[in-house]
file data_32.txt (compact mmCIF, C-alpha atoms)
# COMPACT_ATOMS: atom_id res chain seq x y z
CA MET A 1 16.59 57.13 -55.09
CA TYR A 2 18.35 53.79 -55.28
CA VAL A 3 22.16 53.66 -55.25
CA LEU A 4 23.75 50.66 -56.93
CA HIS A 5 27.37 49.90 -56.03
CA THR A 6 28.89 47.58 -58.59
CA GLU A 7 31.81 46.61 -60.80
CA ARG A 8 31.76 46.05 -64.53
CA GLU A 9 30.82 42.52 -65.64
CA SER A 10 29.49 41.71 -62.17
CA GLY A 11 26.19 40.59 -60.71
CA GLY A 12 25.20 44.24 -60.65
CA PHE A 13 24.32 43.84 -64.33
CA ALA A 14 21.08 41.99 -63.59
CA VAL A 15 20.16 44.45 -60.83
CA GLN A 16 20.76 47.44 -63.09
CA ALA A 17 18.72 45.84 -65.89
CA VAL A 18 15.74 45.40 -63.54
CA LEU A 19 16.04 48.96 -62.24
CA GLU A 20 15.97 50.10 -65.86
CA ALA A 21 13.03 47.87 -66.73
CA ALA A 22 11.06 49.24 -63.78
CA GLY A 23 11.86 52.84 -64.69
CA ALA A 24 13.34 53.43 -61.23
CA ALA A 25 15.48 56.43 -60.36
CA TYR A 26 18.95 55.22 -59.39
CA ARG A 27 22.56 56.27 -59.22
CA LEU A 28 25.41 53.99 -60.23
CA VAL A 29 28.59 53.92 -58.15
CA GLU A 30 31.54 52.04 -59.60
CA VAL A 31 33.44 50.18 -56.90
CA ALA A 32 37.22 50.06 -57.24
CA GLU A 33 38.40 46.59 -58.25
CA ARG A 34 41.16 46.29 -55.73
CA ALA A 35 41.88 44.61 -52.42
CA PRO A 36 41.20 45.70 -49.83
CA ARG A 37 37.99 47.40 -50.81
CA PRO A 38 37.53 51.08 -49.87
CA ALA A 39 36.57 51.51 -46.21
CA GLY A 40 33.33 53.25 -47.12
CA PHE A 41 32.22 50.30 -49.22
CA LEU A 42 33.10 47.80 -46.48
CA LYS A 43 30.75 49.66 -44.15
CA LEU A 44 27.95 48.83 -46.58
CA ASN A 45 29.01 45.22 -47.08
CA PRO A 46 31.73 43.83 -44.79
CA MET A 47 32.14 40.89 -47.19
CA GLY A 48 33.44 43.31 -49.79
CA GLN A 49 31.25 41.88 -52.55
CA VAL A 50 29.16 43.56 -55.23
CA PRO A 51 26.44 44.33 -55.96
CA VAL A 52 25.23 46.39 -53.04
CA LEU A 53 21.98 48.31 -53.33
CA GLU A 54 21.13 51.22 -51.06
CA LEU A 55 17.35 51.55 -50.85
CA PRO A 56 15.55 54.91 -50.76
CA ASP A 57 14.94 54.50 -47.01
CA GLY A 58 18.68 54.18 -46.39
CA SER A 59 18.73 50.44 -45.76
CA VAL A 60 21.15 48.18 -47.61
CA MET A 61 20.65 44.98 -49.59
CA THR A 62 23.24 42.49 -50.83
CA GLU A 63 22.91 39.19 -52.72
CA SER A 64 21.85 39.78 -56.31
CA ALA A 65 19.00 37.25 -56.40
CA ALA A 66 17.45 38.69 -53.23
CA ILE A 67 17.74 42.19 -54.66
CA LEU A 68 15.97 41.12 -57.87
CA ILE A 69 13.11 39.54 -55.94
CA HIS A 70 12.68 42.67 -53.83
CA LEU A 71 12.84 45.11 -56.75
CA ALA A 72 10.40 43.17 -58.92
CA ASP A 73 7.87 42.92 -56.10
CA THR A 74 8.10 46.52 -54.97
CA LEU A 75 8.75 48.49 -58.16
CA ALA A 76 6.59 46.64 -60.65
CA PRO A 77 4.18 44.23 -58.91
CA GLY A 78 2.98 41.58 -61.32
CA ARG A 79 5.00 42.99 -64.23
CA LEU A 80 8.55 41.80 -63.58
CA ALA A 81 7.68 38.72 -61.54
CA PRO A 82 4.61 36.58 -60.91
CA ASP A 83 2.48 37.80 -58.01
CA PRO A 84 2.98 35.85 -54.75
CA ALA A 85 -0.42 34.19 -55.24
CA SER A 86 0.23 33.31 -58.89
CA PRO A 87 0.67 29.62 -59.85
CA ALA A 88 3.85 30.72 -61.65
CA ARG A 89 5.46 32.13 -58.49
CA PRO A 90 7.01 28.86 -57.23
CA ALA A 91 8.78 28.28 -60.57
CA TYR A 92 10.06 31.86 -60.62
CA LEU A 93 11.58 31.50 -57.14
CA ARG A 94 12.83 28.00 -57.84
CA TRP A 95 14.82 28.87 -60.94
CA LEU A 96 16.12 32.19 -59.72
CA VAL A 97 17.51 30.60 -56.57
CA PHE A 98 18.70 27.57 -58.59
CA MET A 99 20.81 29.91 -60.73
CA ALA A 100 22.09 31.88 -57.75
CA VAL A 101 23.21 28.77 -55.87
CA ASN A 102 24.39 26.51 -58.66
CA LEU A 103 25.50 28.59 -61.63
CA TYR A 104 26.67 31.74 -59.85
CA GLY A 105 28.49 29.55 -57.33
CA ALA A 106 30.15 27.51 -60.07
CA ASP A 107 31.30 30.69 -61.79
CA LEU A 108 32.96 31.88 -58.60
CA ARG A 109 34.73 28.55 -58.17
CA PHE A 110 35.89 28.59 -61.79
CA TYR A 111 37.25 32.14 -61.84
CA TYR A 112 38.47 32.29 -58.22
CA PRO A 113 39.57 28.71 -57.48
CA GLY A 114 42.07 29.80 -54.84
CA ARG A 115 39.19 30.74 -52.55
CA TYR A 116 38.02 27.13 -52.46
CA THR A 117 41.17 25.17 -51.68
CA SER A 118 43.95 25.36 -49.12
CA GLU A 119 46.31 23.33 -51.34
CA ALA A 120 48.85 25.21 -53.42
CA THR A 121 48.14 23.02 -56.46
CA GLY A 122 44.44 22.51 -55.84
CA GLY A 123 43.13 25.32 -58.01
CA GLN A 124 43.05 23.40 -61.27
CA GLY A 125 40.94 20.64 -59.80
CA VAL A 126 38.50 23.20 -58.39
CA LYS A 127 38.18 24.80 -61.84
CA GLN A 128 37.58 21.48 -63.59
CA ALA A 129 34.92 20.46 -61.10
CA ALA A 130 33.27 23.89 -61.33
CA LEU A 131 33.09 23.73 -65.12
CA ALA A 132 31.60 20.24 -65.06
CA HIS A 133 29.02 21.38 -62.51
CA MET A 134 28.25 24.45 -64.61
CA GLU A 135 27.69 22.34 -67.72
CA ALA A 136 25.30 20.00 -65.93
CA GLN A 137 23.27 22.85 -64.46
CA PHE A 138 22.95 24.70 -67.77
CA ALA A 139 21.62 21.50 -69.32
CA ILE A 140 18.97 21.31 -66.58
CA LEU A 141 18.05 24.96 -67.14
CA ASP A 142 17.82 24.49 -70.89
CA ARG A 143 15.36 21.62 -70.47
CA ALA A 144 13.30 23.66 -68.01
CA ILE A 145 12.96 26.54 -70.48
CA GLY A 146 11.52 24.27 -73.14
CA ALA A 147 9.73 26.24 -75.86
CA SER A 148 9.29 29.47 -73.88
CA ARG A 149 10.56 32.77 -75.22
CA PHE A 150 11.83 33.74 -71.77
CA LEU A 151 12.79 31.66 -68.74
CA LEU A 152 9.30 31.22 -67.30
CA SER A 153 6.97 31.93 -70.19
CA ASP A 154 6.63 34.30 -73.11
CA SER A 155 6.78 37.24 -70.67
CA PHE A 156 9.97 38.86 -69.41
CA SER A 157 10.74 38.60 -65.69
CA ALA A 158 13.47 39.78 -63.35
CA ALA A 159 15.04 36.32 -63.65
CA ASP A 160 15.83 36.75 -67.35
CA PRO A 161 18.78 39.17 -67.08
CA TYR A 162 20.24 36.66 -64.63
CA VAL A 163 20.01 33.93 -67.28
CA LEU A 164 21.80 36.11 -69.82
CA MET A 165 24.47 37.22 -67.38
CA LEU A 166 25.33 33.70 -66.26
CA ALA A 167 25.41 32.36 -69.81
CA HIS A 168 27.90 35.06 -70.80
CA TRP A 169 30.01 34.39 -67.74
CA HIS A 170 30.63 30.89 -69.06
CA PRO A 171 34.26 30.63 -70.27
CA GLU A 172 32.97 29.78 -73.78
CA PRO A 173 29.51 31.39 -74.03
CA GLN A 174 29.06 30.94 -77.77
CA THR A 175 29.86 27.24 -77.53
CA LEU A 176 27.48 26.91 -74.59
CA LEU A 177 24.64 28.59 -76.46
CA ALA A 178 25.26 26.53 -79.58
CA ARG A 179 24.70 23.38 -77.49
CA HIS A 180 21.53 24.62 -75.75
CA SER A 181 18.96 26.02 -78.14
CA SER A 182 16.35 26.99 -75.54
CA LEU A 183 18.93 28.86 -73.48
CA ALA A 184 20.17 30.58 -76.64
CA ARG A 185 16.63 31.64 -77.56
CA VAL A 186 16.11 33.27 -74.16
CA CYS A 187 19.46 35.05 -74.33
CA ASP A 188 18.68 36.37 -77.82
CA ALA A 189 15.34 37.76 -76.64
CA VAL A 190 16.78 39.34 -73.49
CA ARG A 191 19.70 41.00 -75.30
CA LYS A 192 17.28 42.98 -77.47
CA LEU A 193 15.52 44.68 -74.56
CA PRO A 194 16.35 48.40 -74.08
CA SER A 195 16.65 47.98 -70.31
CA VAL A 196 19.19 45.20 -70.74
CA GLN A 197 21.14 47.11 -73.36
CA ALA A 198 21.27 50.10 -71.01
CA ALA A 199 22.78 47.94 -68.27
CA ASN A 200 25.24 46.40 -70.72
CA ALA A 201 26.52 49.81 -71.76
CA PHE A 202 28.27 49.91 -68.38
CA HIS A 203 28.84 46.24 -67.62
CA ARG A 204 29.83 44.93 -71.07
CA ILE A 205 28.58 41.42 -70.36
CA TRP A 206 28.69 40.64 -74.08

call {"tool": "encode", "arguments": {"input": "data_32.txt", "output": "structure tokens"}}
result
Amino acid sequence: MYVLHTERESGGFAVQAVLEAAGAAYRLVEVAERAPRPAGFLKLNPMGQVPVLELPDGSVMTESAAILIHLADTLAPGRLAPDPASPARPAYLRWLVFMAVNLYGADLRFYYPGRYTSEATGGQGVKQAALAHMEAQFAILDRAIGASRFLLSDSFSAADPYVLMLAHWHPEPQTLLARHSSLARVCDAVRKLPSVQAANAFHRIW
């Protein structure tokens, strides 16, 4: 059985949605939102970040995008991600990592600006730069989606809950989606999926 350690409204949402979509047996452990983290959790991830996924063999994975890639390939080969030999595989990896690096990173800088400056008054500038970066990257993603129902094509992939999660982490998600019709179309389609709704029952992303 998989064990997912997570907080509400965190990157664990996308991981839980993929576990649900794959029909995997898993147990959810809510991590206390306090500093310092519980000692037992720090043994799993010394960085103190969620999500953390314990695999059935007892090994541990961190980094939400890496977890999604692993789960899609091992739990539902060819169903939740393009096969490694598929022509669609490079785009799947490209955009999933693009979101993890650019959009997830910008969210962290926006909501936790104090982590990214040593100046007492530097937080506001970090937030402004993060929001501008976020806006530019969402515009790129919207153009990449084009007319597709989901991120890559008309088929759902493990990258799609990530799209929805990041869009709803935006400080003004409804305004963002009103500006980007392709992004909004993907989010609408993903929200309707039972696996995503199951994950949202805990995480309350929207």

call {"tool": "residues_around", "arguments": {"input": "data_32.txt", "residues": "A:Arg143", "least_positions_apart": "3", "cutoff": "9 Å", "atoms": "only C-alpha atoms", "output": "number ranges by chain"}}
result
A: 138-140, 146, 180, 182-183

call {"tool": "residues_around", "arguments": {"input": "data_32.txt", "residues": "A:Ala65", "least_positions_apart": "6", "cutoff": "9 Å", "atoms": "only C-alpha atoms", "output": "ChimeraX atom specification"}}
result
/A:14-15,96-97,99-100,159,162

call {"tool": "residues_near_point", "arguments": {"input": "data_32.txt", "point": "(27.4, 52.8, -59.7)", "cutoff": "12 Å", "atoms": "all atoms listed in the file", "output": "list in words"}}
result
Tyr2, Val3, Leu4, His5, Thr6, Glu7, Arg8, Ser10, Gly12, Phe13, Val15, Gln16, Tyr26, Arg27, Leu28, Val29, Glu30, Val31, Ala32, Phe41, Val50, Pro51, Val52, Leu53, Glu54, Ala199, Phe202 and His203 of chain A

call {"tool": "atom_distance", "arguments": {"input": "data_32.txt", "atom1": "atom CA of A:Met1", "atom2": "atom CA of A:Asn45"}}
result
19.0 Å

call {"tool": "atom_distance", "arguments": {"input": "data_32.txt", "atom1": "atom CA of A:Lys127", "atom2": "atom CA of A:Met165"}}
result
19.3 Å

call {"tool": "closest_residue", "arguments": {"input": "data_32.txt", "among": "A:Thr121, A:Gln128, A:Ser153, A:Ser195", "to": "A:Arg109", "atoms": "all atoms listed in the file"}}
result
A:Gln128

call {"tool": "atom_distance", "arguments": {"input": "data_32.txt", "atom1": "atom CA of A:Gly58", "atom2": "atom CA of A:Pro194"}}
result
28.4 Å

call {"tool": "residues_around", "arguments": {"input": "data_32.txt", "residues": "stretch 70-85 of chain A", "least_positions_apart": "2", "cutoff": "12 Å", "atoms": "all atoms listed in the file", "output": "number ranges by chain"}}
result
A: 2, 14-25, 53-56, 60-68, 87-93, 96, 150-153, 155-161

call {"tool": "closest_residue", "arguments": {"input": "data_32.txt", "among": "A:Glu33, A:Tyr116, A:Ala39, A:Glu135", "to": "A:Glu172", "atoms": "only C-alpha atoms"}}
result
A:Glu135

call {"tool": "closest_residue", "arguments": {"input": "data_32.txt", "among": "A:Ala35, A:Ala198, A:Met134, A:Ala120", "to": "A:Leu108", "atoms": "all atoms listed in the file"}}
result
A:Met134

call {"tool": "closest_residue", "arguments": {"input": "data_32.txt", "among": "A:Leu141, A:Leu42, A:Arg185, A:Pro113", "to": "A:Arg94", "atoms": "all atoms listed in the file"}}
result
A:Leu141
